[in-house]
$ cat data.txt   # compact mmCIF, C-alpha atoms
# COMPACT_ATOMS: atom_id res chain seq x y z
CA MET W 959 0.00 0.00 0.00
CA ILE W 960 2.68 2.52 1.04
CA GLY W 961 4.77 1.55 -1.99
CA ASN W 962 1.92 2.24 -4.39
CA TRP W 963 1.13 5.60 -2.80
CA MET W 964 4.82 6.51 -3.08
CA LYS W 965 4.86 5.47 -6.74
CA THR W 966 1.73 7.51 -7.36
CA GLY W 967 3.31 10.56 -5.74
CA ILE W 968 6.49 10.17 -7.79
CA LEU W 969 4.44 9.76 -10.97
CA LEU W 970 2.33 12.86 -10.31
CA ALA W 971 5.39 14.93 -9.37
CA GLY W 972 7.17 13.75 -12.51
CA ILE W 973 4.21 14.67 -14.68
CA VAL W 974 4.00 18.17 -13.16
CA ALA W 975 7.75 18.58 -13.77
CA LEU W 976 7.28 17.54 -17.40
CA PHE W 977 4.50 20.07 -17.81
CA GLY W 978 6.79 22.73 -16.38
CA ALA W 979 9.71 21.76 -18.63
CA VAL W 980 7.58 21.80 -21.76
CA GLY W 981 6.03 25.12 -20.73
CA GLY W 982 9.47 26.60 -20.10
CA LEU W 983 10.74 25.54 -23.51
CA ILE W 984 7.67 26.97 -25.17
CA GLY W 985 7.14 30.22 -23.27
CA GLY W 986 10.08 30.80 -20.92
CA GLN W 987 9.50 31.54 -17.23
CA GLN W 988 5.90 32.62 -17.76
CA GLY W 989 5.20 29.52 -19.84
CA MET W 990 6.69 27.32 -17.12
CA LEU W 991 4.51 28.89 -14.44
CA ILE W 992 1.36 28.44 -16.53
CA ALA W 993 2.29 24.84 -17.37
CA LEU W 994 3.00 24.02 -13.70
CA LEU W 995 -0.42 25.35 -12.72
CA LEU W 996 -2.00 23.33 -15.53
CA GLY W 997 -0.10 20.23 -14.44
CA GLY W 998 -1.27 20.59 -10.85
CA GLY W 999 -4.84 21.15 -11.99
CA MET W 1000 -4.68 18.12 -14.27
CA ASN W 1001 -3.50 15.94 -11.38
CA ILE W 1002 -6.47 16.99 -9.25
CA PHE W 1003 -8.91 16.49 -12.12
CA ALA W 1004 -7.39 13.12 -13.05
CA TYR W 1005 -7.63 11.83 -9.46
CA TRP W 1006 -11.39 12.34 -9.42
CA PHE W 1007 -12.45 11.84 -13.04
CA SER W 1008 -9.80 9.85 -14.97
CA ASP W 1009 -11.70 6.55 -14.64
CA ARG W 1010 -14.83 8.04 -16.19
CA MET W 1011 -12.77 9.61 -18.97
CA VAL W 1012 -11.14 6.29 -19.91
CA LEU W 1013 -14.44 4.39 -19.85
CA LYS W 1014 -16.05 7.05 -22.02
CA LEU W 1015 -13.06 7.00 -24.37
CA TYR W 1016 -13.63 3.29 -24.98
CA ARG W 1017 -17.41 3.78 -25.22
CA ALA W 1018 -17.86 1.23 -22.43
CA ARG W 1019 -21.43 0.37 -21.47
CA GLU W 1020 -22.31 -0.59 -17.92
CA VAL W 1021 -24.05 -3.92 -17.40
CA ASP W 1022 -25.77 -5.56 -14.44
CA ALA W 1023 -27.22 -8.89 -13.36
CA THR W 1024 -30.11 -8.45 -15.81
CA SER W 1025 -28.26 -7.36 -18.96
CA ALA W 1026 -25.21 -9.66 -18.58
CA PRO W 1027 -26.02 -12.17 -15.83
CA GLN W 1028 -23.20 -14.69 -16.34
CA PHE W 1029 -20.46 -12.09 -16.60
CA TYR W 1030 -21.80 -9.91 -13.79
CA ASN W 1031 -22.32 -12.84 -11.42
CA MET W 1032 -18.80 -14.08 -12.15
CA VAL W 1033 -17.31 -10.72 -11.17
CA GLN W 1034 -19.52 -10.62 -8.08
CA GLU W 1035 -18.37 -14.06 -6.93
CA LEU W 1036 -14.70 -13.16 -7.46
CA ALA W 1037 -15.08 -9.83 -5.66
CA GLN W 1038 -16.50 -11.70 -2.66
CA ARG W 1039 -13.58 -14.14 -2.73
CA ALA W 1040 -11.17 -11.20 -2.82
CA ASN W 1041 -13.05 -9.43 0.02
CA LEU W 1042 -13.63 -6.40 -2.23
CA PRO W 1043 -16.67 -4.16 -2.73
CA MET W 1044 -18.61 -5.01 -5.88
CA PRO W 1045 -17.12 -2.96 -8.73
CA ARG W 1046 -19.08 -1.47 -11.60
CA VAL W 1047 -19.00 -3.82 -14.59
CA TYR W 1048 -18.61 -2.69 -18.21
CA ILE W 1049 -18.49 -4.24 -21.67
CA ILE W 1050 -16.58 -2.64 -24.56
CA ASP W 1051 -17.68 -3.38 -28.13
CA GLU W 1052 -14.23 -4.26 -29.51
CA ALA W 1053 -13.21 -7.39 -31.42
CA GLN W 1054 -9.77 -7.57 -29.79
CA PRO W 1055 -9.79 -9.76 -26.65
CA ASN W 1056 -8.73 -7.55 -23.74
CA ALA W 1057 -9.77 -6.25 -20.31
CA PHE W 1058 -8.83 -3.63 -17.74
CA ALA W 1059 -9.71 -2.25 -14.32
CA THR W 1060 -9.98 1.39 -13.30
CA GLY W 1061 -11.00 3.59 -10.37
CA ARG W 1062 -9.22 5.59 -7.67
CA ASN W 1063 -9.83 2.99 -4.93
CA PRO W 1064 -11.66 -0.32 -4.33
CA GLU W 1065 -14.81 1.55 -3.29
CA ASN W 1066 -14.95 3.35 -6.66
CA ALA W 1067 -13.62 0.63 -8.95
CA ALA W 1068 -14.79 -0.63 -12.32
CA VAL W 1069 -13.79 -3.58 -14.49
CA ALA W 1070 -14.25 -3.74 -18.24
CA ALA W 1071 -13.96 -6.51 -20.80
CA THR W 1072 -14.25 -6.43 -24.58
CA THR W 1073 -16.86 -8.41 -26.47
CA GLY W 1074 -13.90 -10.14 -28.13
CA ILE W 1075 -12.62 -11.61 -24.86
CA LEU W 1076 -16.11 -12.65 -23.78
CA GLN W 1077 -16.52 -14.60 -27.02
CA LEU W 1078 -13.01 -16.07 -27.12
CA LEU W 1079 -12.46 -17.43 -23.63
CA SER W 1080 -14.12 -20.27 -21.78
CA ALA W 1081 -15.88 -19.40 -18.52
CA ARG W 1082 -12.92 -20.78 -16.56
CA GLU W 1083 -10.39 -18.68 -18.51
CA LEU W 1084 -12.52 -15.53 -18.28
CA ARG W 1085 -12.76 -16.07 -14.54
CA GLY W 1086 -8.96 -16.05 -14.38
CA VAL W 1087 -8.80 -12.80 -16.33
CA MET W 1088 -11.35 -11.01 -14.17
CA ALA W 1089 -9.58 -12.24 -11.03
CA HIS W 1090 -6.43 -10.61 -12.44
CA GLU W 1091 -8.29 -7.32 -12.88
CA LEU W 1092 -9.69 -7.50 -9.35
CA ALA W 1093 -6.14 -8.09 -8.09
CA HIS W 1094 -5.24 -4.73 -9.68
CA VAL W 1095 -8.11 -3.21 -7.71
CA LYS W 1096 -7.04 -4.90 -4.48
CA ASN W 1097 -3.41 -3.80 -4.99
CA ARG W 1098 -4.63 -0.26 -5.73
CA ASP W 1099 -2.84 -0.27 -9.07
CA THR W 1100 -5.86 1.24 -10.80
CA LEU W 1101 -5.32 4.78 -9.51
CA ILE W 1102 -1.81 5.10 -10.85
CA SER W 1103 -2.54 3.38 -14.17
CA THR W 1104 -5.64 5.44 -14.95
CA ILE W 1105 -4.09 8.77 -13.92
CA SER W 1106 -0.92 8.08 -15.89
CA ALA W 1107 -2.95 7.16 -18.98
CA THR W 1108 -4.99 10.35 -18.76
CA ILE W 1109 -2.15 12.77 -18.09
CA ALA W 1110 0.38 11.17 -20.44
CA GLY W 1111 -2.15 11.74 -23.19
CA ALA W 1112 -2.48 15.36 -22.08
CA ILE W 1113 1.30 15.84 -22.17
CA SER W 1114 1.39 14.46 -25.70
CA THR W 1115 -1.27 16.99 -26.71
CA LEU W 1116 0.65 19.79 -24.97
CA ALA W 1117 3.82 18.84 -26.82
CA HIS W 1118 2.05 18.90 -30.19
CA LEU W 1119 0.58 22.31 -29.37
CA GLY W 1120 4.04 23.42 -28.29
CA MET W 1121 5.51 22.51 -31.65
CA TRP W 1122 2.95 24.53 -33.57
CA PHE W 1123 3.11 27.40 -31.07
CA GLY W 1124 6.90 27.47 -31.33
CA LEU W 1125 6.94 27.33 -35.10
CA SER W 1126 4.29 30.05 -35.26
CA ASN W 1127 6.39 32.31 -33.05
CA ASN W 1128 9.46 31.62 -35.15
CA ASN W 1129 7.66 32.57 -38.34
CA ARG W 1130 6.15 35.69 -36.77
CA GLU W 1131 9.25 36.97 -34.99
CA GLY W 1132 11.94 35.58 -37.27
CA GLY W 1133 13.86 34.09 -34.33
CA GLY W 1134 13.96 31.10 -32.03
CA ASN W 1135 14.81 27.56 -32.91
CA PRO W 1136 12.29 25.38 -34.78
CA VAL W 1137 14.37 22.29 -33.93
CA LEU W 1138 13.65 22.95 -30.24
CA ALA W 1139 9.93 22.95 -30.87
CA ILE W 1140 10.19 19.63 -32.72
CA LEU W 1141 12.24 18.13 -29.87
CA VAL W 1142 9.53 19.19 -27.42
CA MET W 1143 6.93 17.38 -29.52
CA ILE W 1144 9.00 14.18 -29.66
CA LEU W 1145 10.64 13.97 -26.24
CA ALA W 1146 7.82 15.04 -23.91
CA PRO W 1147 5.42 12.20 -24.85
CA ILE W 1148 8.27 9.69 -24.67
CA ALA W 1149 9.24 10.94 -21.22
CA ALA W 1150 5.63 10.72 -20.05
CA MET W 1151 5.34 7.17 -21.33
CA LEU W 1152 8.63 6.12 -19.73
CA ILE W 1153 7.30 7.21 -16.32
CA GLN W 1154 4.28 4.94 -16.56
CA PHE W 1155 6.14 2.09 -18.29
CA ALA W 1156 8.70 1.93 -15.47
CA ILE W 1157 5.86 1.09 -13.08
CA SER W 1158 3.52 -1.08 -15.15
CA ARG W 1159 5.67 -4.19 -15.72
CA THR W 1160 5.96 -5.15 -12.03
CA ARG W 1161 2.25 -4.41 -11.57
CA GLU W 1162 1.33 -7.11 -14.10
CA PHE W 1163 3.34 -9.82 -12.34
CA GLY W 1164 1.74 -8.85 -9.04
CA ALA W 1165 -1.77 -8.91 -10.52
CA ASP W 1166 -1.12 -12.28 -12.16
CA ARG W 1167 -0.13 -13.74 -8.79
CA GLY W 1168 -3.01 -12.05 -6.99
CA GLY W 1169 -5.49 -13.13 -9.66
CA ALA W 1170 -4.35 -16.73 -9.44
CA GLU W 1171 -4.82 -16.63 -5.67
CA ILE W 1172 -8.29 -15.06 -5.95
CA SER W 1173 -9.53 -17.58 -8.54
CA GLY W 1174 -7.63 -20.51 -7.04
CA ASP W 1175 -6.68 -21.61 -10.57
CA PRO W 1176 -3.30 -20.34 -11.90
CA HIS W 1177 -3.60 -22.51 -15.03
CA ALA W 1178 -6.85 -20.76 -16.00
CA LEU W 1179 -5.17 -17.36 -16.21
CA ALA W 1180 -2.12 -18.86 -17.92
CA ASP W 1181 -4.33 -20.50 -20.57
CA ALA W 1182 -6.25 -17.24 -21.01
CA LEU W 1183 -3.06 -15.18 -21.48
CA ALA W 1184 -1.76 -17.58 -24.12
CA LYS W 1185 -5.04 -17.45 -26.03
CA ILE W 1186 -5.48 -13.67 -25.72
CA ASP W 1187 -1.90 -12.99 -26.83
CA ARG W 1188 -2.32 -15.19 -29.89
CA TYR W 1189 -5.57 -13.59 -31.03
CA ALA W 1190 -4.90 -9.97 -30.02
CA LYS W 1191 -1.91 -9.66 -32.36
CA GLY W 1192 -4.15 -10.07 -35.39
CA LEU W 1193 -6.97 -7.80 -34.22
CA PRO W 1194 -6.20 -4.08 -33.89
CA MET W 1195 -7.95 -1.97 -31.26
CA PRO W 1196 -8.49 1.44 -32.91
CA THR W 1197 -9.14 3.34 -29.66
CA ALA W 1198 -5.91 2.08 -28.10
CA GLU W 1199 -3.97 2.93 -31.28
CA GLU W 1200 -5.37 6.48 -31.17
CA HIS W 1201 -4.66 6.80 -27.43
CA PRO W 1202 -1.56 4.64 -26.77
CA ALA W 1203 -1.15 6.02 -23.24
CA THR W 1204 -4.07 3.79 -22.23
CA ALA W 1205 -2.34 0.60 -23.44
CA GLN W 1206 -0.70 -0.07 -20.08
CA MET W 1207 -4.13 -0.54 -18.46
CA MET W 1208 -4.92 -3.66 -20.50
CA ILE W 1209 -4.20 -7.25 -19.49
CA ILE W 1210 -2.33 -7.72 -22.82
CA ASN W 1211 -0.65 -4.93 -24.78
CA PRO W 1212 -3.28 -3.89 -27.35
CA LEU W 1213 -0.90 -2.00 -29.67
CA SER W 1214 0.09 -3.49 -33.00
CA GLY W 1215 3.41 -1.65 -33.39
CA GLY W 1216 6.56 -3.74 -33.57
CA GLY W 1217 10.24 -2.92 -33.92
CA LEU W 1218 11.19 0.13 -31.86
CA ALA W 1219 7.72 0.14 -30.32
CA GLY W 1220 8.73 -3.05 -28.53
CA LEU W 1221 11.29 -1.07 -26.55
CA PHE W 1222 8.41 0.81 -24.96
CA SER W 1223 6.22 -2.22 -24.29
CA THR W 1224 4.07 -1.72 -21.23
CA HIS W 1225 3.82 -5.39 -20.37
CA PRO W 1226 6.30 -8.14 -19.50
CA ALA W 1227 6.67 -10.97 -22.00
CA THR W 1228 3.55 -13.13 -22.01
CA GLU W 1229 5.70 -16.26 -22.04
CA GLU W 1230 7.35 -15.23 -18.76
CA ARG W 1231 3.99 -14.44 -17.18
CA ILE W 1232 2.69 -17.87 -18.17
CA LEU W 1233 5.77 -19.64 -16.79
CA ARG W 1234 5.38 -17.88 -13.44
CA LEU W 1235 1.71 -18.81 -13.25
CA ARG W 1236 2.38 -22.46 -14.12
CA ALA W 1237 4.99 -22.54 -11.36
CA MET W 1238 2.34 -21.46 -8.84
CA ALA W 1239 0.13 -24.47 -9.52
CA PRO W 1240 0.48 -27.41 -7.11
$ encode --input "data.txt" --output "structure tokens"
Amino acid sequence: MIGNWMKTGILLAGIVALFGAVGGLIGGQQGMLIALLLGGGMNIFAYWFSDRMVLKLYRAREVDATSAPQFYNMVQELAQRANLPMPRVYIIDEAQPNAFATGRNPENAAVAATTGILQLLSARELRGVMAHELAHVKNRDTLISTISATIAGAISTLAHLGMWFGLSNNNREGGGNPVLAILVMILAPIAAMLIQFAISRTREFGADRGGAEISGDPHALADALAKIDRYAKGLPMPTAEEHPATAQMMIINPLSGGGLAGLFSTHPATEERILRLRAMAP
């Protein structure tokens, strides 16, 4: 618990510092002050509303025991086993098999699964996946992952605006350095992503272990990960591609990029996750 709160504090402080650095490069001391104020305001807003923003971004629809009885009852049973409050349950109309959890604390948590994962997995495998997501809730990983996704996207937008603002000033005043503006556009989003990536890999191993303990079936989650990884690679998720900062929330990396993109992967190798889960089984 203390470790996660410390990580969250470091993340938020790092994001504010990035806002300030980008603002300083764009508008000097005044730009830095404005950006720092914006960064602080974004942190406050993200703490309270980032979960709703992400769910809306993915056009998630809330379901209950009437509209999706099997899925809802499964989550309810697992939440009871994990000694957690019942989270809100959502379904996302996406072909790619994937799932995530969000919310600032267990009392305000939500879990979401795509229609693709509901169709692909057996009930036993899906149970393993949702236990993994509830482990994220129990470990309080959801606050840091959702906030980082929201604000990293905001930093990327700020950097793009900074490039155009800088180039506009250069053209108008005949001075400055257009290369600097381009560097701001490139480096700020990368820096924001590196902050969240440095935290997300260990979170996945912890949630795999916690999910296996909640479900009581490590092989179920291992089987699910193998199947999801195999199918997800051939099915793009447009929303994740448009908003890559949200990729680290998913149980499997939803991005299709290879090559250099692999250096910034938000998830540990699926093969290693499966091996660790198999080793847990009696």
$ closest_residue --input "data.txt" --among "W:His1201, W:Lys1096, W:Arg1161, W:His1225" --to "Met1044 of chain W" --atoms "all atoms listed in the file"
W:Lys1096
$ atom_distance --input "data.txt" --atom1 "atom CA of Asn1066 of chain W" --atom2 "atom CA of Ser1103 of chain W"
14.5 Å
$ residues_around --input "data.txt" --residues "segment 1077-1082 of chain W" --least-positions-apart "5" --cutoff "10 Å" --atoms "only C-alpha atoms" --output "list in words"
Gln1028, Phe1029, Met1032, Ala1053, Gln1054, Pro1055, Thr1072, Val1087, Ser1173, Asp1175, His1177, Ala1178, Leu1179, Asp1181, Ala1182, Leu1183, Lys1185, Ile1186 and Tyr1189 of chain W
$ closest_residue --input "data.txt" --among "W:Asp1187, W:Asp1099, W:Asp1051, W:Asp1009" --to "Ala1227 of chain W" --atoms "only C-alpha atoms"
W:Asp1187
$ closest_residue --input "data.txt" --among "W:Thr1104, W:Ala1190, W:Arg1085, W:Thr1160" --to "Ala1037 of chain W" --atoms "all atoms listed in the file"
W:Arg1085
$ residues_around --input "data.txt" --residues "Glu1200 of chain W" --least-positions-apart "2" --cutoff "12 Å" --atoms "only C-alpha atoms" --output "count of residues only"
16
$ atom_distance --input "data.txt" --atom1 "atom CA of Leu1193 of chain W" --atom2 "atom CA of Phe1007 of chain W"
29.4 Å
$ closest_residue --input "data.txt" --among "W:Met964, W:Gln987, W:Ile1172, W:Glu1199" --to "Gln1038 of chain W" --atoms "only C-alpha atoms"
W:Ile1172
$ atom_distance --input "data.txt" --atom1 "atom CA of Glu1091 of chain W" --atom2 "atom CA of Arg1039 of chain W"
13.3 Å
$ residues_near_point --input "data.txt" --point "(-22.4, -2.4, -23.4)" --cutoff "9 Å" --atoms "all atoms listed in the file" --output "list in words"
Arg1017, Ala1018, Arg1019, Glu1020, Val1021, Ser1025, Tyr1048, Ile1049, Ile1050, Asp1051 and Thr1073 of chain W
$ closest_residue --input "data.txt" --among "W:Leu996, W:Ala971, W:Val1012, W:Ala1026" --to "Ala1059 of chain W" --atoms "all atoms listed in the file"
W:Val1012
$ residues_around --input "data.txt" --residues "Glu1162 of chain W" --least-positions-apart "3" --cutoff "9 Å" --atoms "only C-alpha atoms" --output "number ranges by chain"
W: 1090, 1094, 1158-1159, 1165-1167, 1209, 1225-1226, 1231
